[in-house]
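S.K.: Handing you a structure now.
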Amino acid sequence: MKGKHLLKGRNFKVVALVAAAVLTLSACSSDSESGGEVGGEINVFLIPSPSSTSIQSFIPEFEAETGIKVNVSETPYGEAHQKQLLSYNQKAGAYDIAQFDNTYLAPFCQAKAMLPLDSYISGSDEYDINDFGQGQQDYGKCKGETLGLTLSTEPMIQWYRTDLYEKLGLTPAKTWDEYYENAKKVQAAGFGGQIMGFGPNVSWWWMTLVWSFGGALYDENLNPVVNSKEAVAATDYLKKLLEVSPKGAITATGDDTTSKFLGEDIGAMLNYSGYYGMALDPSINKNAGNIGTAPAPMGSADTTHLAGWNIGVPADAKNPDAAWKFLEFVLGKTNSVKYLESGAAAIGRQSIINNADLVAMNPYLPQLEIPSSSRIERYPQIAVWPEFEVAAIDAVTQVLTGKQKSQAALDALNEKLKPILAKEPKS
Amino acid sequence: MLRRKNLRPVAQLTIPTWIFLALVVLIPFFYGVYISFLNINLASFLPPSFVGFDNYQTVLAASETWSTLRITLIITFIGLLTQIPIGILLALVLHENLRGTKIFRSILITPMLLTPVAVGLTYRFMFDTDLGVINWALGSIGIEKVNWLGSQTSALFAIIIVDSWQSIPFVMLLVLAALTAISPSLYEAARVDGASASQIFRRITLPLITPTLLVITMIKIMDFLKLFDTLFILTRGGPGNATTTLGLWTYKTGFVFLEFSRAAALGVIITIITLPVYFLWRRASRGVR
């Protein structure tokens, strides 16, 4: 009963005074932090992935070296960007570092949600931006400012079964015609010809083909051009590839595609290099030692579809200097080998790509060297991309399932995309 | 006066529940209606403004709204036609109290206890064209592989199979309860009068379980209108949008396109579609009582 009146009268005044003193002191301490030396703590927002696991493995060493405490929160991909957008909308300052998919660079850029990192990068010998090819230096850039560092470099490449190709006297395809012919020969020998994800992620492969066939998704004025003759040819070719693919490919996601290629007898696969981690897992890869990689076949245009994670500092971060220190520590040159060895998808630094020991363990690394002659195509840098993509997937699926011809489906898609692209902020 | 006095403690005791319900149901509902008149897009970072019925006009003009509504109705119609007759049949068998009924009943209700996500994942592997056990079984008797989730018809069929596997036990249990409530004397009298089994079913059983069947139908319609988890795991609405229901389209609009206000308008439309079902359900429930 006594406890009930604990906060009355004199006791209450004492507690109030102590609370006020604590609050004042803590406010002073945070002031000194922001204006003075790098220290304190940082909150890191990660998305479950090999890259995220690898980043976390550096935390104990970083904390011991710098005294900066690192708190990590992980959110699955499905909700990660929505959560980030909510946080940035509210200017909550909840995160000092955030991992994000390159597809979200455009909305983050429009909202000025991320801190430009150029001044940090130019002043950092440890990060050494010149260790990256030009295309990769630009990978996290929007309107000339670097809003995200490259957290993984994942071009769309050609994977093939060295044993099957050797047996049938085939070499990796250099053109799309060769790719189809190879697949046909492998299929005739009783195996799966080739595989790519014709299911819910079919846009990845469709875009790759459209660009490679010389087409585009929209022009400089944001008018859709998906019904061009190049895009139609690319879509027809995609449908033709279905004939030389295992039946289940029609519903395959990116993960399914890789699992099937590594677990079954399929001649070739077109997929992002970032999936190579699955090839290193003996429980998934039944064909270890027989997986070769080569650049994606070339069409009428020399393009490379480049994907991969970004990581940056939100504009409302409370401790941006400490955040940069952490990024520099994990993604800098010194720890770059360790970063790859801890299981992350590779970052295409020249020093990594040309490291013979690393290449022996990760034979796909040379594919990250994108020749300067090849035009790099990223996910479209538009805020309405999710809606655009769903419409495109629906149209391409109509073609793949035989419900519509390519030209008709893409004409309809082009019309559907007009109001969607019209919503894109022009600035 | 006395009645009002007696009611007061009851009202006081239920106040916390009403407050709780208001917090978790009414406030989100009215907030949803409110934001359906704004133009909130999570990625735009612009302050929301009032746009009247623009979102309603947009969603009603979009072909996806109608195509996904059509898919929802197809799933609902075929699902009901599958689940209710099979549920009745199983209930009639269990009502006979044959040997092993108790074990059989326990086994039959197991699917109801499983989470839809786990069920969806399991069936996704089972329906896999190249590695799935269903195609393996079909292949072993000489039937060619079916691309279950690769075309609209077979994917819709697969969704209905999975939902029926989980929902039939529910129908069966409710019908069984209704059958138990029928007085055995009615059956005895019918048999004495020389009625056949089919006449007994048509003239006695069916009319007496009809109110329960109506309740089941209404509950199932509401279930189908909000079908999401199994569908999301099984097909993600694909191929393309071929199995996207109105509920899944609302999700995509809100959480993939980040068009919160448009998704709220779709939510209000779903509520309006569900309202007649709700009122029919209430009428049917009175019949059961």
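Lettering and numbering for the structure tokens are positional, with chains as A, B, ... in the shown order, residues counted from 1 in each chain, and ligands counted from 1 in the shown order.
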Per residue of chain B within 12 Å of chain A, what are the shortest atom pair and its distance in Å to one decimal, counting only C-alpha atoms, with rows by chain and residue number, as CSV?
M.R.:
```
residue,atom,partner,partner_atom,distance
B:Asn39,CA,A:Lys423,CA,12.0
B:Ile40,CA,A:Asn89,CA,11.5
B:Asn41,CA,A:Leu85,CA,10.3
B:Leu42,CA,A:Leu85,CA,6.6
B:Ala43,CA,A:Pro107,CA,5.7
B:Ser44,CA,A:Ala111,CA,6.7
B:Phe45,CA,A:Ala111,CA,5.8
B:Leu46,CA,A:Ala111,CA,8.5
B:Pro47,CA,A:Asn89,CA,9.8
B:Pro48,CA,A:Asn89,CA,11.8
B:Thr58,CA,A:Pro419,CA,10.7
B:Ala61,CA,A:Lys416,CA,12.0
B:Ala62,CA,A:Lys416,CA,9.6
B:Ser63,CA,A:Lys416,CA,9.8
B:Glu64,CA,A:Ala391,CA,9.8
B:Arg124,CA,A:Thr251,CA,10.5
B:Phe125,CA,A:Asp256,CA,10.8
B:Phe127,CA,A:Gly248,CA,9.7
B:Asp128,CA,A:Gly248,CA,6.6
B:Thr129,CA,A:Gly248,CA,4.8
B:Asp130,CA,A:Gly248,CA,5.6
B:Leu131,CA,A:Gly248,CA,8.6
B:Gly132,CA,A:Gly248,CA,9.8
B:Asn135,CA,A:Gly248,CA,11.1
B:Glu144,CA,A:Lys247,CA,11.4
B:Lys145,CA,A:Lys247,CA,8.5
B:Val146,CA,A:Lys247,CA,8.8
B:Asn147,CA,A:Gly248,CA,6.7
B:Trp148,CA,A:Gly248,CA,8.9
B:Leu149,CA,A:Thr251,CA,6.5
B:Gly150,CA,A:Thr251,CA,5.6
B:Ser151,CA,A:Thr401,CA,6.6
B:Gln152,CA,A:Thr401,CA,8.8
B:Thr153,CA,A:Thr401,CA,11.2
B:Ala155,CA,A:Thr251,CA,10.4
B:Phe232,CA,A:Pro200,CA,11.3
B:Ile233,CA,A:Pro200,CA,11.8
B:Leu234,CA,A:Thr251,CA,10.4
B:Thr235,CA,A:Thr251,CA,8.2
B:Arg236,CA,A:Pro200,CA,7.4
B:Gly237,CA,A:Pro200,CA,8.7
B:Gly238,CA,A:Pro200,CA,6.6
B:Pro239,CA,A:Thr397,CA,6.3
B:Gly240,CA,A:Asp394,CA,3.9
B:Asn241,CA,A:Asp394,CA,5.6
B:Ala242,CA,A:Asp394,CA,8.0
B:Thr243,CA,A:Asp394,CA,11.0
B:Thr244,CA,A:Asp394,CA,10.6
B:Trp249,CA,A:Val390,CA,10.7
B:Tyr251,CA,A:Gly78,CA,11.8
B:Lys252,CA,A:Glu387,CA,8.7
B:Thr253,CA,A:Glu387,CA,8.1
B:Gly254,CA,A:Gln82,CA,10.0
B:Phe255,CA,A:Gln82,CA,7.3
B:Val256,CA,A:Pro386,CA,6.2
B:Phe257,CA,A:Glu387,CA,5.3
B:Leu258,CA,A:Gln82,CA,7.7
B:Glu259,CA,A:Glu387,CA,9.5
B:Phe260,CA,A:Gln82,CA,11.1
```
S.K.: So that I have them on file, write out the residues from the current selection with C-alpha atoms, as a compact mmCIF listing (two decimals), in the first residue's frame.
M.R.:
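File out-v1.txt, as written:
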```txt
# COMPACT_ATOMS: atom_id res chain seq x y z
CA ASN B 39 -3.44 10.75 -52.90
CA ILE B 40 -0.91 9.03 -50.65
CA ASN B 41 1.95 7.37 -52.48
CA LEU B 42 4.66 6.19 -50.11
CA ALA B 43 7.41 6.84 -52.65
CA SER B 44 6.33 10.37 -53.60
CA PHE B 45 7.17 12.10 -50.27
CA LEU B 46 4.63 14.79 -51.17
CA PRO B 47 2.13 15.96 -48.58
CA PRO B 48 -1.19 14.19 -49.21
CA THR B 58 -9.03 5.08 -61.37
CA ALA B 61 -11.60 2.19 -64.86
CA ALA B 62 -8.66 -0.22 -64.53
CA SER B 63 -9.09 -3.49 -66.39
CA GLU B 64 -7.20 -5.31 -63.61
CA ARG B 124 4.03 -25.58 -54.35
CA PHE B 125 6.69 -28.30 -54.25
CA PHE B 127 2.81 -29.21 -57.97
CA ASP B 128 6.32 -28.60 -59.37
CA THR B 129 6.30 -29.71 -62.99
CA ASP B 130 9.73 -31.31 -63.03
CA LEU B 131 10.26 -32.47 -59.44
CA GLY B 132 6.76 -32.58 -57.89
CA ASN B 135 3.53 -35.32 -61.66
CA GLU B 144 2.12 -36.88 -69.19
CA LYS B 145 3.46 -34.13 -66.92
CA VAL B 146 0.97 -31.35 -66.18
CA ASN B 147 2.30 -27.83 -65.89
CA TRP B 148 0.11 -27.19 -62.86
CA LEU B 149 1.03 -23.62 -62.04
CA GLY B 150 2.01 -22.64 -65.58
CA SER B 151 -1.37 -21.88 -67.13
CA GLN B 152 -4.42 -20.03 -65.86
CA THR B 153 -6.81 -22.98 -65.88
CA ALA B 155 -3.24 -22.89 -61.70
CA PHE B 232 0.46 -15.73 -52.61
CA ILE B 233 2.73 -18.64 -51.74
CA LEU B 234 1.40 -20.94 -54.45
CA THR B 235 1.30 -18.70 -57.55
CA ARG B 236 1.89 -15.09 -56.42
CA GLY B 237 -1.06 -14.36 -58.65
CA GLY B 238 0.68 -15.77 -61.73
CA PRO B 239 1.31 -16.71 -64.40
CA GLY B 240 1.24 -12.98 -65.08
CA ASN B 241 -1.90 -11.82 -63.30
CA ALA B 242 -3.84 -14.93 -64.30
CA THR B 243 -4.63 -16.02 -60.73
CA THR B 244 -4.54 -12.61 -59.06
CA TRP B 249 -4.42 -6.98 -56.42
CA TYR B 251 -2.01 -5.92 -51.79
CA LYS B 252 0.07 -5.33 -54.94
CA THR B 253 -1.39 -1.84 -55.33
CA GLY B 254 -0.59 -0.92 -51.74
CA PHE B 255 2.64 -2.69 -50.98
CA VAL B 256 4.29 -3.17 -54.36
CA PHE B 257 3.20 -0.01 -56.22
CA LEU B 258 3.12 1.89 -52.88
CA GLU B 259 -0.18 3.52 -53.94
CA PHE B 260 -1.74 3.49 -50.47
```
S.K.: Tell me, as a VMD selection string, which residues lie within 8 Å of A:Tyr165, counting only C-alpha atoms; anything in the same chain fewer than 6 positions away does not count.
M.R.: chain A and resid 171 186 267
S.K.: Give me the residues within 12 Å of A:Asp177 as JSON, numbers by chain, counting only C-alpha atoms and dropping any in the same chain fewer than 3 places off.
M.R.: {"A": [172, 173, 174, 180, 181, 182, 183, 184, 213, 234, 237, 238, 240, 241, 297, 298, 299, 300]}
S.K.: Record the distance separating atom CA of A:Glu377 and atom CA of A:Ala268, expressed in Å with one decimal.
M.R.: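 One can read the atom CA of A:Glu377 to atom CA of A:Ala268 distance as 22.5 Å.
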S.K.: Write out as a VMD selection string all residues of stretch 148-249 of chain B that backbone DSSP assigns to helix (DSSP H, G or I).
M.R.: chain B and resid 152 to 180 184 to 192 197 to 225 229 to 234 246 to 249
S.K.: With only C-alpha atoms as the counted atoms, please give the residues lying no more than 10 Å from B:Met112, apart from itself and same-chain residues fewer than 6 positions off, as a PyMOL selection string.
M.R.: chain B and resi 165-170
S.K.: Could you tell me which of B:Ser164, B:Phe37, B:Ile88, B:Met126 comes closest to B:Lys220 if we count only C-alpha atoms?
M.R.: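 Closest to B:Lys220 of all the choices is B:Ser164.
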S.K.: Would you list the contacts of stretch 343-349 of chain A as an NGL selection string, taking every protein, DNA or RNA residue within 6 Å and counting only C-alpha atoms, but skipping same-chain residues closer than 2 positions in sequence?
M.R.: :A and (50-51 or 54 or 131-132 or 152-153 or 274 or 340-341 or 351-352 or 368)
S.K.: For the residues in the current selection, export C-alpha atoms as a short mmCIF file (atom, residue, chain, number, x, y, z; two decimals), in the first residue's frame.
M.R.:
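Once everything was written out, this is result-v4.cif:
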```
data_model
loop_
_atom_site.label_atom_id
_atom_site.label_comp_id
_atom_site.auth_asym_id
_atom_site.auth_seq_id
_atom_site.Cartn_x
_atom_site.Cartn_y
_atom_site.Cartn_z
CA PRO A 50 24.76 -13.22 -48.07
CA SER A 51 25.92 -9.59 -48.20
CA SER A 54 29.02 -10.83 -44.37
CA ASP A 131 39.50 0.54 -58.07
CA PHE A 132 36.08 0.27 -59.79
CA SER A 152 27.33 -6.43 -54.88
CA THR A 153 28.09 -6.49 -58.59
CA GLY A 274 25.12 -12.99 -57.66
CA LEU A 340 34.19 -12.00 -50.39
CA GLU A 341 35.56 -14.93 -48.39
CA SER A 351 41.79 -5.73 -57.30
CA ILE A 352 39.29 -8.53 -56.64
CA LEU A 368 32.36 -8.87 -63.35
#
```
S.K.: Please identify all polymer residues within 6 Å of stretch 279-293 of chain A, counting only C-alpha atoms, omitting same-chain residues fewer than 4 positions from it, and present them as a PyMOL selection string.
M.R.: chain A and resi 158-163+262-263+364
S.K.: Name the residues in contact with stretch 171-181 of chain B at a cut-off of 7 Å, using only C-alpha atoms, excluding same-chain residues fewer than 3 positions from it; report them as an MDAnalysis selection string.
M.R.: chainID B and resid 84 87:88 90:91 95 167:168 209 212 216
S.K.: Could you state the separation of atom CA of A:Asp118 and atom CA of A:Ser373 in Å, given to one decimal place?
M.R.: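 Result for atom CA of A:Asp118 versus atom CA of A:Ser373: 25.7 Å, one decimal.
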S.K.: Considering only C-alpha atoms, state which residue in the set B:Val215, B:Thr68, B:Pro207, B:Gly120 is at the smallest distance from B:Arg286.
M.R.: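 Of the candidates, the smallest distance to B:Arg286 is held by B:Val215.
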S.K.: Quick one: distance from atom CA of B:Asp229 to atom CA of B:Val117 in Å, one decimal?
M.R.: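 Here the two named atoms are 5.9 Å from each other.
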